[in-house]
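Engineer: Pasting a structure here, questions to come.
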Amino acid sequence: MQHLGFSTNKLKIGSFDFTCCEGCQLQLANKEETLPEFLDLLDIRNFREISSERFDDYDIALVEGSISRSDEVERLQAIRKQAKILIAYGSCACFGGVNSLKNHFPPDECVHEVYGDSPVETLPVRRISDVVKVDFSIPGCPVSKDEVERIVVSIATGAMISLPKYPVCVECKQQLNTCLFDLGEVCLGPITRAGCNAVCTTGKTACLGCRGPAEDINYRSFRELVKEHGLSLDEMEEKLRFYNCFEEFRDDES
Amino acid sequence: MTKVNCSIDVHHLTRVEGHGNIHIDIRNGELVDAKWAVVETPRFFEVMVKTMSPARVPFLTSRICGICSISHSLASIRSLERAMEISPPPAAEKLRLLAMHGETLQSHALHIFFLAVPDFVDTPSVIPLVESHPHIVQAGLRLKAAGNAISELVTGRCTHPVSLVLGGVSKAPDKEKLEALRAQLDAVRADLDTTAEFCSTLQIPSFVRETEFVSLRNGNTYPAIGGDLVSTDGVRRDENDYLAMTNEYKPEFTTTKFTRLSRGSFAAGALARFNNNVDLLRPEAVSVARQFGLEPVNHNPFMNNIAQLVECVHIVHDAIDLIDDLLDDPLNELKTPWKPKEGAATGAVEAPRGILYHHMEVDRHGTVCRGDCIIPTTQNNANIHHDLAALARQAADEGKDDQEIRQLCEMLVRAYDPCISCSVH
Amino acid sequence: MHDMRFTIPPQDINKEHFAEEVADFNRKSALMQTDRGYKCRITNIVDLTGQEKLFQLRIVNPEERRLFTFLPGQFLMLEVPGYGQIPISISSSTNNQEFIELCIRRAGRVTSALFQAGEGAMVAIRGPFGSSFPMHEMSGSNVILVAGGLGIAPLRAPLYWINEHRDRYRNVHLLYGTKEPSQMLFTYQFEEWKKVNHIDLHTIVEEPGPQWEGRTGMITELLQDIDIDADNTYAIVCGPPVMFKFVCNRLEREGIPMNRMFVSLERRMHCGMGKCCRCMVGTTFTCVDGPVFDYWSVMNLQEAI
Amino acid sequence: MIYKVISKEEFSRFVDALIRENCSYGPREVDTDRHGNPVYQFRRVHSADEVAFDYTATHSSAKHLMLPYREELSRFRFSEGDWEQDIEYRVKPRLLVGLRPCDISALNILDDVLLNGKFPSPYYLAQRKNTFIIGMDHLPLPDCFCQSLNHHTVTKGFNLFCSDIGDSYYLSVNSSKALTYLKNFAIGDPTHEDDCRLIERRKLIKQSFQTEVEVTGLPSFLDIEFDSPIWQKWGDKCLNCGTCAMVCPTCYCYDTSERIDTDLEGASRQKQLYSCNLVDFAEVAGGHNFRPGNGDRLKYRYYHHYRGFAENANQQICVGCNRCGRACLADINPKDVINDLRMEKESCMICVSPSPPRT
Ligand SMILES: Cc1cc2nc3c(=O)[nH]c(=O)nc-3n(C[C@H](O)[C@H](O)[C@H](O)COP(=O)(O)OP(=O)(O)OC[C@H]3O[C@@H](n4cnc5c(N)ncnc54)[C@H](O)[C@@H]3O)c2cc1C
Ligand code: SF4
Ligand code: SF4
Ligand code: SF4
């Protein structure tokens with residue numbers, strides 16, 4: 001930022017994945033039109049998925065995925081020790097994500113169902129912040145590359161970062177979409193944090209709340225409106241459970 | 001001179017999707033141990049689908065894999081549609097095929113340029129290539145971008161599709177955008193030529209181990225969604241017979257399962273599709289294959305990289321035709337209404353890395369009560385494992401040093417383009 | 001094919017006459033300039049406390065420098081390219097045509113960027129905007145200036161004004177309170193204000209440290225120290241919203257009419273031109289109708305404090 | 001204003017010619033809702049066939065054509081120790097066909113707010129000046145209440161306005177451009193009968209309103225009722241989702257932000273339409289929120305719309321289209337809120353008589 005009289009350094013970055021689909025890491029390689037410039041901001045010290053070089057002198061750790069095995073806990077703690085800034089990215093890292101659905105079943109049943117009698121270690125799924133301190137979260141399943149880019153540029157230029165506080169409906173209406181409630185579906189848009197550009201509702205499927213709750217949501221009124229539209233509360237519950245983002249609201253009413 | 005001792009341990013192989021380890025041990029010229037071990041954390045998707053409404057399932061299963069989410073979504077959709085006897089409208093089928101093309105194109109481009117090529121030019125990642133081979137990287141990025149553009153337009157975004165739903169697709173792509181996409185695909189044809197030219201300069205290791213190749217085949221089009229299950233050893237089965245085609249078992253040293261058919265192991269993926277369906281490829285693609293001397297049945301696993309390139313050529317041309325078709329279609333019937341219904345069926349699709357099976361069972365309450373997913377990498381694991389042993393033995397016989405053997409082994413695993421997190425779902 | 005007769009011709013508003021005019025935000029802004037400010041160079045930065053810095057800005061273009069005049073209490077929109085723009089009170093003398101001083105607290109995105117900036121940095125300003133303290137109306141009277149914390153920043157312009165026209169005003173009191181002694185701003189000017197300008201300065205802190213020898217308590221306590229001639233006194237109060245209420249109520253009890261007390265309000269702002277509606281207080285805009293309001297209007301504006 | 005009459009077939013030929021020749025927007029059917037009713041929006045149209053001339057109401061207003069939801073205000077180019085700012089006000093000319101009187105009134109209100117103050121908005125001006133507007137009257141929907149706000153007719157702010165008088169349209173031509181285009185088509189001067197039919201039509205429209213919202217004296221009601229419990233009551237329902245403001249033809253509040261380019265060689269300043277119902281609308285640095293409750297924020301929107309702010313001469317800016325009411329998932333609509341406020345007031349005030357009934 002020469003015009004302000006200070007220079008920017010490349011960010012020494014490491015990217016790490018835990019229990020997840022690695023879709024968020026993949027996003028980093030998307031948005032090809034700005035990819036070379038994006039990579040230019042970074043000094044990639046450790047990123048198994050794209051590079052064989054591995055160093056342990058990164059400042060910023062991007063952590064993807066949730067924690068579901070004891071060796072993952074150790075690996076994560078080592079990363080926390082090294083990183084000056086630890087960013088949880090993706091809904092798995094921020095909320096547990098779809099992986100958490102398994103927590104609704106007894107662990108033995110899970111293992112037996114898939115592996116029969118072979119012993120396989122698995123712990124109840126936890127979010128990154130359940131295990132170590134997280135400095136910043138970028139939610140989304142997957143994260144939006146545009147948002148990641150904005151945040152990385154902000155870190156590189158010493159600017160403060162923030163996420164939208166309002167819900168998805170704002171962005172949905174800006175796309176002139178027909179509201180899914182009008183089409184007879186339960187949509188979590190009114191209570192979910194915006195920033196994805198309402199990608200799901202623009203594709204005419206309901207928002208499943210992957211970005212977690214918006215600030216200060218009115219859960220009670222949301223529940224009422226689902227009832228008043230004659231829609232199924234079971235469907236709503238299933239959607240609220242999907243990414244494990246609305247745990248704190250689930251037992252509001254029975 | 002024969003090399004006597006060699007011990008290789010690759011912990012968390014890089015430039016692959018997911019976590020896997022290679023372990024090779026040669027003592028006194030004898031191969032003691034060769035292992036391909038997957039150390040990914042299991043996520044239990046098959047358990048998660050239980051009690052879920054069918055409508056939600058494709059959104060869940062797409063999260064099995066960040067690279068081939070469209071395939072997973074479509075495999076679930078196909079199995080559930082077959083289970084509940086839903087037939088999607090023809091326009092939706094075309095859009096789904098186009099979406100598959102998009103995913104395969106971006107996945108292959110990512111693999112060829114980001115994951116495989118650095119090995120051939122001996123760099124740790126694609127990043128130094130930005131400086132040394134700018135036009136190749138640019139071509140790769142444009143091909144990948146084109147793949148992503150297809151997925152984005154047809155399914156709403158490039159990873160984890162939003163508009164692929166049971167009964168069809170939820171939203172028609174905008175015609176103006178389809179036209180723009182067509183132009184974009186037209187333009188990347190030149191990039192395919194550049195890539196083919198560049199690839200012909202690469203030294204593909206000569207290694208052959210006879211194996212069986214398994215893929216889908218429907219007899220009309222190059223395989224993508226549904227069809228018979230066939231192998232180069234002459235097996236042919238119905239889609240629902242997927243279990244007889246895979247025969248899963250779990251070895252001790254890995255969390256993933258292995259599979260076998262007529263032999264100890266078999267391979268799936270671009271090379272398998274090519275070996276079984278060369279007659280259905282577009283002529284443009286066949287001529288590229290010929291340029292590389294690729295002919296069925298090819299048993300060199302490293303040629304999988306080339307088979308991927310051949311498929312890219314096929315896809316770009318086929319996608320252009322599909323778009324022309326869609327531009328003439330009014331696209332007003334995209335979704336068949338449906339009600340949950342009891343039933344069970346398999347949905348098989350050709351994911352970028354090979355044949356992918358989802359088998360779903362819906363109970364009489366209309367909820368899913370059982371799910372089973374068999375992933376291409378799972379099917380390839382055993383083949384990788386056996387290839388590693390053969391390759392290490394051959395390399396050791398040729399007197400290569402540890403570093404060279406290690407490099408070759410890594411390249412071999414990467415050539416399969418394994419998707420490990422997906423295989424441990 | 002249809003005929004070109006039906007093509008709607010474009011209207012290029014860039015070509016309209018006001019395009020060349022230089023913005024003059026005080027009178028009527030030139031249309032083309034509503035998003036363009038005067039480019040400034042940061043010529044000096046003074047660290048005041050850990051939280052606040054004083055920035056000295058000089059408008060680069062001499063013509064624009066000449067045009068930029070303001071009244072005590074007005075603010076400007078400071079643009080830090082790439083980071084954003086924020087409203088900041090002008091903290092220097094209205095007489096000073098050479099440079100503008102801004103006293104800024106590190107708060108968020110834009111201010112943090114400024115705190116990293118060095119001397120020579122290029123920023124821009126738009127303005128001045130908003131209402132001002134009625135310095136002329138006050139002449140011949142006593143003036144009580146009450147500042148809490150950063151509230152001293154907007155008070156510096158009226159202070160300079162008073163000091164430059166000291167003979168027009170009678171007794172001038174400056175009551176200044178902060179939470180801790182280390183947060184006290186402009187201490188280096190205190191002696192000058194007291195000795196040279198004959199300002200009756202009183203300070204107070206809420207949480208005294210070991211070094212502090214002065215008064216301890218809330219700012220309202222300082223009001224007991226001074227004699228208030230209610231019939232002939234004006235007050236200017238700046239600080240956090242809670243402070244307004246206490247101080248103004250106290251002054252009202254002393255008998256100062258509400259329309260002789262002035263406060264400066266603070267709200268989120270994105271335009272400074274009464275368009276974005278972020279700074280609404282009741283039904284008025286802080287940016288256009290404020291930030292300076294008399295206390296009577298504030299009492300009438302719902303949810304002002 | 002010049003008045004002409006055109007047959008409906010000729011009119012659609014005229015509109016078709018204009019649409020084909022220009023970048024055009026009009027009401028289009030985009031979906032069918034779960035009750036089987038069509039959903040309309042102002043979207044790009046390429047021929048007159050695509051325009052749903054007999055549409056009921058669009059879900060969103062046409063505001064976004066004048067005030068884009070997101071808009072780049074300017075760009076910065078960084079250079080060695082300095083920067084340059086580029087500002088563009090270029091807009092390609094557009095045709096907007098099928099606007100209702102209330103929507104045109106809404107544009108007139110936006111003109112007042114954005115063009116007449118001390119700081120006119122060049123961005124809006126460029127959009128407005130480059131939009132050719134063809135308006136159209138219609139019979140009100142059961143929940144329209146624009147008549148209560150006197151916006152069911154409009155006399156300015158359009159290039160051409162069509163009133164349906166049976167098999168032809170009665171045209172109010174308000175721009176020379178419009179007249180020039182029309183000259184290529186068979187138009188006639190209105191006869192006495194046409195005039196009568198126009199009056200009949202206007203009467204019919206006027207009589208068709210089923211919803212009335214009593215707005216006289218509302219500004220002072222609102223001033224008095226600032227602390228009324230009804231705000232809390234409706235606030236408890238409000239989702240803070242901003243939908244009402246997004247679909248409203250006159251909500252114009254916004255937010256600006258700056259973003260540095262990925263190559264760090266420039267930045268862009270962007271504007272995004274916002275809503276006073278969104279949780280952080282009145283939040284300042286440090287986290288203090290001047291309107292922390294749902295009710296506080298909801299109240300604000302009603303203040304802006306039915307009391308008006310000083311900057312727009314304390315005028316009511318709602319035009320009575322009821323888009324916000326229809327779009328609100330929590331079923332909050334102006335009619336109910338305002339009636340509630342009145343009831344509250346009238347039930348407790350003995351000394352102050354309610355405002356006289358409207359005539
Ligand atoms: C009339 C007026 C005079 C002011 N004078 C001074 C002063 O002399 N010194 C000083 O340090 N501060 C002053 N402020 C407060 C200052 O504007 C905020 O501290 C500043 O906007 C914070 O910006 P930020 O980007 O660092 O914070 P963030 O919280 O990151 O803010 C992001 C954006 O929000 C807006 N915003 C946030 N808080 C405020 C706020 N309080 N007022 C207006 N907009 C806000 C801005 O548009 C900013 O770009 C004044 C505010 C007003 C309204
Ligand atoms: S579809 Fe969902 S996000 Fe969009 S407006 Fe409706 S509720 Fe909100
Ligand atoms: S619309 Fe909802 S589910 Fe979809 S990306 Fe946005 S927040 Fe996630
Ligand atoms: S009725 Fe609602 S949407 Fe229509 S103008 Fe009034 S406030 Fe806006």
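Residue numbering restarts at 1 for every chain of the structure tokens, chains are lettered A, B, ... in their displayed order, and ligands are numbered from 1 as they appear.
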Counting only C-alpha atoms and all ligand atoms, which protein, DNA or RNA residues come within 6 Å of ligand 1, given as a PDB file with C-alpha atoms, in the first residue's frame?
Structural biologist:
```pdb
ATOM      1  CA  PHE C  75     -16.683  17.447   9.933  1.00  0.00           C
ATOM      2  CA  GLY C  84     -13.136   3.242   3.073  1.00  0.00           C
ATOM      3  CA  GLN C  85     -14.301   6.624   4.113  1.00  0.00           C
ATOM      4  CA  ILE C  86     -15.260   7.858   7.533  1.00  0.00           C
ATOM      5  CA  PRO C  87     -16.615  11.055   9.091  1.00  0.00           C
ATOM      6  CA  ILE C  88     -14.067  12.885  11.218  1.00  0.00           C
ATOM      7  CA  SER C  89     -14.441  16.208  13.017  1.00  0.00           C
ATOM      8  CA  CYS C 103      -7.592  13.616  15.891  1.00  0.00           C
ATOM      9  CA  ILE C 104      -8.429   9.986  15.249  1.00  0.00           C
ATOM     10  CA  ARG C 105      -9.062   7.023  17.474  1.00  0.00           C
ATOM     11  CA  ALA C 107     -11.657   1.868  15.933  1.00  0.00           C
ATOM     12  CA  GLY C 108     -12.072  -0.325  12.882  1.00  0.00           C
ATOM     13  CA  ARG C 109     -11.136  -0.924   9.287  1.00  0.00           C
ATOM     14  CA  VAL C 110     -10.410   2.566   8.054  1.00  0.00           C
ATOM     15  CA  THR C 111      -8.865   3.935  11.212  1.00  0.00           C
ATOM     16  CA  SER C 112      -6.580   0.902  11.587  1.00  0.00           C
ATOM     17  CA  ALA C 153     -11.402  16.530  19.160  1.00  0.00           C
ATOM     18  CA  PRO C 154     -14.416  18.466  17.846  1.00  0.00           C
ATOM     19  CA  GLU C 266     -22.158  10.733  16.250  1.00  0.00           C
ATOM     20  CA  ARG C 267     -23.705   8.111  13.997  1.00  0.00           C
ATOM     21  CA  ARG C 268     -22.600   5.697  11.334  1.00  0.00           C
ATOM     22  CA  MET C 269     -22.217   7.520   8.021  1.00  0.00           C
ATOM     23  CA  HIS C 270     -21.598   6.372   4.510  1.00  0.00           C
ATOM     24  CA  PRO C 291     -23.726  16.940  13.858  1.00  0.00           C
TER      25      PRO C 291
ATOM     26  CA  VAL D 284     -21.124   2.320  15.007  1.00  0.00           C
ATOM     27  CA  ALA D 285     -17.484   1.452  15.491  1.00  0.00           C
TER      28      ALA D 285
END
```
Engineer: Would you kindly return, as a list in words, each protein, DNA or RNA residue with an atom no farther than 6 Å from any atom of stretch 250-265 of chain C, considering only C-alpha atoms and excluding same-chain residues fewer than 5 positions away?
Structural biologist: Ala230, Tyr234, Ala235, Ile236, Val237, Cys238, Pro291, Val292, Phe293, Asp294, Tyr295 and Trp296 of chain C
Engineer: Please return as an mmCIF file with N, CA and C atoms, in the first residue's frame the residues found within 9 Å of ligand 4, counting only C-alpha atoms and all ligand atoms.
Structural biologist:
```cif
data_model
loop_
_atom_site.group_PDB
_atom_site.id
_atom_site.type_symbol
_atom_site.label_atom_id
_atom_site.label_comp_id
_atom_site.auth_asym_id
_atom_site.auth_seq_id
_atom_site.Cartn_x
_atom_site.Cartn_y
_atom_site.Cartn_z
ATOM 1 N N SER D 60 -40.802 -7.725 -7.137
ATOM 2 C CA SER D 60 -39.907 -6.639 -6.772
ATOM 3 C C SER D 60 -40.246 -5.448 -7.657
ATOM 4 N N SER D 61 -39.864 -4.281 -7.204
ATOM 5 C CA SER D 61 -40.139 -3.091 -8.000
ATOM 6 C C SER D 61 -39.074 -2.968 -9.090
ATOM 7 N N CYS D 102 -48.082 3.826 -9.615
ATOM 8 C CA CYS D 102 -47.434 3.943 -8.302
ATOM 9 C C CYS D 102 -45.922 3.805 -8.451
ATOM 10 N N ASP D 103 -45.488 2.955 -9.360
ATOM 11 C CA ASP D 103 -44.049 2.777 -9.557
ATOM 12 C C ASP D 103 -43.407 4.017 -10.182
ATOM 13 N N ALA D 106 -43.084 6.444 -7.535
ATOM 14 C CA ALA D 106 -41.934 6.102 -6.703
ATOM 15 C C ALA D 106 -40.668 6.702 -7.297
ATOM 16 N N CYS D 144 -53.813 -3.475 -2.874
ATOM 17 C CA CYS D 144 -53.153 -2.222 -3.251
ATOM 18 C C CYS D 144 -53.770 -1.069 -2.457
ATOM 19 N N PHE D 145 -52.959 -0.145 -2.006
ATOM 20 C CA PHE D 145 -53.551 1.012 -1.335
ATOM 21 C C PHE D 145 -52.938 2.330 -1.802
ATOM 22 N N CYS D 146 -52.485 2.354 -3.054
ATOM 23 C CA CYS D 146 -51.825 3.562 -3.542
ATOM 24 C C CYS D 146 -52.799 4.743 -3.586
ATOM 25 N N CYS D 244 -38.443 -6.462 2.828
ATOM 26 C CA CYS D 244 -39.353 -5.347 2.540
ATOM 27 C C CYS D 244 -38.632 -4.219 1.821
ATOM 28 N N ALA D 245 -37.437 -3.907 2.307
ATOM 29 C CA ALA D 245 -36.715 -2.787 1.709
ATOM 30 C C ALA D 245 -36.207 -3.135 0.324
ATOM 31 N N MET D 246 -35.866 -4.399 0.113
ATOM 32 C CA MET D 246 -35.334 -4.788 -1.190
ATOM 33 C C MET D 246 -36.411 -4.714 -2.270
ATOM 34 N N VAL D 247 -37.660 -5.086 -1.930
ATOM 35 C CA VAL D 247 -38.699 -5.088 -2.960
ATOM 36 C C VAL D 247 -39.370 -3.722 -3.106
ATOM 37 N N CYS D 248 -39.201 -2.864 -2.110
ATOM 38 C CA CYS D 248 -39.896 -1.573 -2.104
ATOM 39 C C CYS D 248 -39.376 -0.650 -3.210
ATOM 40 N N PRO D 249 -40.290 0.053 -3.896
ATOM 41 C CA PRO D 249 -39.812 0.941 -4.964
ATOM 42 C C PRO D 249 -39.159 2.224 -4.455
ATOM 43 N N THR D 250 -39.318 2.546 -3.183
ATOM 44 C CA THR D 250 -38.734 3.815 -2.727
ATOM 45 C C THR D 250 -37.658 3.674 -1.653
ATOM 46 N N CYS D 251 -37.441 2.507 -1.110
ATOM 47 C CA CYS D 251 -36.373 2.376 -0.116
ATOM 48 C C CYS D 251 -35.029 2.597 -0.816
ATOM 49 N N ARG D 301 -38.344 2.120 9.757
ATOM 50 C CA ARG D 301 -38.803 2.022 8.373
ATOM 51 C C ARG D 301 -40.148 2.730 8.248
ATOM 52 N N TYR D 302 -41.007 2.560 9.217
ATOM 53 C CA TYR D 302 -42.308 3.226 9.159
ATOM 54 C C TYR D 302 -42.158 4.737 9.271
ATOM 55 N N HIS D 305 -41.051 6.024 5.919
ATOM 56 C CA HIS D 305 -42.063 5.926 4.876
ATOM 57 C C HIS D 305 -43.304 6.756 5.105
ATOM 58 N N TYR D 306 -43.729 6.880 6.356
ATOM 59 C CA TYR D 306 -45.023 7.527 6.577
ATOM 60 C C TYR D 306 -44.925 8.864 7.302
ATOM 61 N N ILE D 317 -42.940 8.733 1.799
ATOM 62 C CA ILE D 317 -42.342 8.203 0.576
ATOM 63 C C ILE D 317 -42.947 6.886 0.148
ATOM 64 N N CYS D 318 -43.847 6.335 0.947
ATOM 65 C CA CYS D 318 -44.525 5.097 0.536
ATOM 66 C C CYS D 318 -45.493 5.438 -0.580
ATOM 67 N N VAL D 319 -45.577 4.574 -1.600
ATOM 68 C CA VAL D 319 -46.541 4.823 -2.667
ATOM 69 C C VAL D 319 -47.744 3.881 -2.602
ATOM 70 N N GLY D 320 -47.732 2.976 -1.651
ATOM 71 C CA GLY D 320 -48.904 2.130 -1.457
ATOM 72 C C GLY D 320 -49.007 0.931 -2.370
ATOM 73 N N CYS D 321 -47.875 0.421 -2.842
ATOM 74 C CA CYS D 321 -47.942 -0.732 -3.740
ATOM 75 C C CYS D 321 -48.132 -2.037 -2.971
ATOM 76 N N ASN D 322 -47.870 -2.003 -1.683
ATOM 77 C CA ASN D 322 -47.959 -3.176 -0.794
ATOM 78 C C ASN D 322 -47.027 -4.314 -1.171
ATOM 79 N N ARG D 323 -45.964 -4.032 -1.874
ATOM 80 C CA ARG D 323 -45.012 -5.101 -2.182
ATOM 81 C C ARG D 323 -44.407 -5.629 -0.897
ATOM 82 N N CYS D 324 -44.085 -4.700 0.011
ATOM 83 C CA CYS D 324 -43.458 -5.155 1.256
ATOM 84 C C CYS D 324 -44.394 -6.072 2.015
ATOM 85 N N GLY D 325 -45.680 -5.716 2.014
ATOM 86 C CA GLY D 325 -46.645 -6.539 2.730
ATOM 87 C C GLY D 325 -46.756 -7.926 2.128
ATOM 88 N N ARG D 326 -46.778 -7.981 0.803
ATOM 89 C CA ARG D 326 -46.887 -9.278 0.140
ATOM 90 C C ARG D 326 -45.628 -10.108 0.329
ATOM 91 N N ALA D 327 -44.488 -9.442 0.329
ATOM 92 C CA ALA D 327 -43.240 -10.210 0.390
ATOM 93 C C ALA D 327 -42.889 -10.642 1.804
ATOM 94 N N ASN D 333 -47.610 -5.960 7.369
ATOM 95 C CA ASN D 333 -47.880 -5.087 6.232
ATOM 96 C C ASN D 333 -48.333 -3.726 6.714
ATOM 97 N N PRO D 334 -48.111 -2.702 5.885
ATOM 98 C CA PRO D 334 -48.374 -1.336 6.319
ATOM 99 C C PRO D 334 -49.794 -1.144 6.827
ATOM 100 N N LYS D 335 -50.727 -1.768 6.149
ATOM 101 C CA LYS D 335 -52.117 -1.533 6.528
ATOM 102 C C LYS D 335 -52.347 -1.944 7.979
#
```
Engineer: Determine, counting only C-alpha atoms, which protein, DNA and RNA residues have an atom within 7 Å of an atom of stretch 29-40 of chain A; residues of the same chain fewer than 4 positions away are not included. Present the result as a list in words.
Structural biologist: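 Surrounding residues, per the criterion: Lys145 of chain A; Leu141 and Ala145 of chain B; Thr262 and Asp263 of chain D.
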Engineer: What's the separation between atom CA of B:Ile320 and atom CA of B:Val162, in Å to one decimal place?
Structural biologist: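 Computed distance, atom CA of B:Ile320 to atom CA of B:Val162, equals 22.6 Å.
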Engineer: Just asking: which residues within stretch 254-330 of chain D are strand (DSSP E or B) according to DSSP, as a VMD selection string?
Structural biologist: chain D and resid 254 to 260 266 to 273 283 289
Engineer: Next, the residues of the selection above should be written as a tab-separated table (two decimals), in the first residue's frame with N, CA, C and O atoms.
Structural biologist:
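Wrote it out as again.tsv, contents follow:
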```tsv
chain	number	residue	atom	x	y	z
D	254	TYR	N	-28.46	3.05	1.84
D	254	TYR	CA	-27.38	2.20	1.35
D	254	TYR	C	-26.16	2.16	2.25
D	254	TYR	O	-26.11	2.79	3.30
D	255	ASP	N	-25.21	1.39	1.79
D	255	ASP	CA	-24.00	1.11	2.52
D	255	ASP	C	-22.87	1.23	1.50
D	255	ASP	O	-23.07	0.87	0.35
D	256	THR	N	-21.74	1.75	1.91
D	256	THR	CA	-20.62	1.72	0.97
D	256	THR	C	-19.48	0.92	1.56
D	256	THR	O	-19.36	0.83	2.78
D	257	SER	N	-18.70	0.34	0.71
D	257	SER	CA	-17.55	-0.39	1.22
D	257	SER	C	-16.47	-0.34	0.15
D	257	SER	O	-16.75	-0.09	-1.02
D	258	GLU	N	-15.26	-0.54	0.58
D	258	GLU	CA	-14.17	-0.54	-0.38
D	258	GLU	C	-13.46	-1.87	-0.34
D	258	GLU	O	-13.37	-2.50	0.70
D	259	ARG	N	-13.00	-2.26	-1.49
D	259	ARG	CA	-12.34	-3.56	-1.59
D	259	ARG	C	-11.10	-3.40	-2.46
D	259	ARG	O	-11.17	-2.85	-3.55
D	260	ILE	N	-10.00	-3.88	-1.95
D	260	ILE	CA	-8.75	-3.79	-2.70
D	260	ILE	C	-8.70	-4.97	-3.67
D	260	ILE	O	-9.06	-6.08	-3.32
D	266	GLY	N	-5.19	-1.75	-7.23
D	266	GLY	CA	-6.31	-0.81	-7.27
D	266	GLY	C	-7.35	-1.22	-6.26
D	266	GLY	O	-7.16	-2.17	-5.50
D	267	ALA	N	-8.43	-0.47	-6.25
D	267	ALA	CA	-9.50	-0.79	-5.32
D	267	ALA	C	-10.79	-0.27	-5.91
D	267	ALA	O	-10.78	0.56	-6.82
D	268	SER	N	-11.90	-0.79	-5.41
D	268	SER	CA	-13.14	-0.24	-5.90
D	268	SER	C	-14.02	0.14	-4.72
D	268	SER	O	-13.98	-0.50	-3.67
D	269	ARG	N	-14.75	1.21	-4.90
D	269	ARG	CA	-15.68	1.63	-3.86
D	269	ARG	C	-17.06	1.23	-4.34
D	269	ARG	O	-17.46	1.56	-5.45
D	270	GLN	N	-17.72	0.47	-3.52
D	270	GLN	CA	-19.01	-0.04	-3.93
D	270	GLN	C	-20.12	0.40	-3.02
D	270	GLN	O	-19.92	0.70	-1.86
D	271	LYS	N	-21.29	0.42	-3.63
D	271	LYS	CA	-22.47	0.80	-2.88
D	271	LYS	C	-23.40	-0.39	-2.89
D	271	LYS	O	-23.51	-1.10	-3.89
D	272	GLN	N	-24.05	-0.64	-1.79
D	272	GLN	CA	-25.02	-1.73	-1.75
D	272	GLN	C	-26.28	-1.20	-1.08
D	272	GLN	O	-26.20	-0.56	-0.03
D	273	LEU	N	-27.44	-1.46	-1.70
D	273	LEU	CA	-28.66	-1.02	-1.03
D	273	LEU	C	-28.80	-1.78	0.27
D	273	LEU	O	-28.54	-2.98	0.34
D	283	GLU	N	-25.35	0.53	13.77
D	283	GLU	CA	-24.24	0.19	14.65
D	283	GLU	C	-23.03	1.04	14.30
D	283	GLU	O	-22.76	1.27	13.14
D	289	ASN	N	-24.94	-0.07	19.25
D	289	ASN	CA	-26.02	-0.06	18.27
D	289	ASN	C	-27.09	0.90	18.74
D	289	ASN	O	-27.65	0.73	19.82
```
Engineer: Near chain A, meaning an atom within 7 Å, which residues of chain D appear when counting only C-alpha atoms? Write them as a VMD selection string.
Structural biologist: chain D and resid 33 to 34 60 69 78 80 to 83 237 239 241 to 243 246 260 262 to 263 278 to 280 329 to 330
Engineer: Please write out the residues within 10 Å of ligand 3 as a PyMOL selection string, counting only C-alpha atoms and all ligand atoms.
Structural biologist: (chain A and resi 91+139-144+167-169+171-172+187-214+239+242-243) or (chain B and resi 59+156-157+160-162)
Engineer: I need the residue nearest chain B from this list: D:Gln232, D:His46, D:Ala57, D:Asp223. Use only C-alpha atoms for the distance.
Structural biologist: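 Among the listed residues, D:His46 lies closest to chain B.
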Engineer: If you count only C-alpha atoms, which residues fall within 9 Å of B:Arg27, apart from same-chain ones fewer than 5 positions away, as a short mmCIF file (atom, residue, chain, number, x, y, z; two decimals) with C-alpha atoms, in the first residue's frame?
Structural biologist:
```cif
data_model
loop_
_atom_site.label_atom_id
_atom_site.label_comp_id
_atom_site.auth_asym_id
_atom_site.auth_seq_id
_atom_site.Cartn_x
_atom_site.Cartn_y
_atom_site.Cartn_z
CA VAL B 4 19.64 -54.82 -2.88
CA ASN B 5 17.93 -52.76 -0.19
CA CYS B 6 15.35 -50.08 -0.35
CA SER B 7 12.88 -48.66 2.11
CA VAL B 32 9.23 -57.68 1.55
#
```
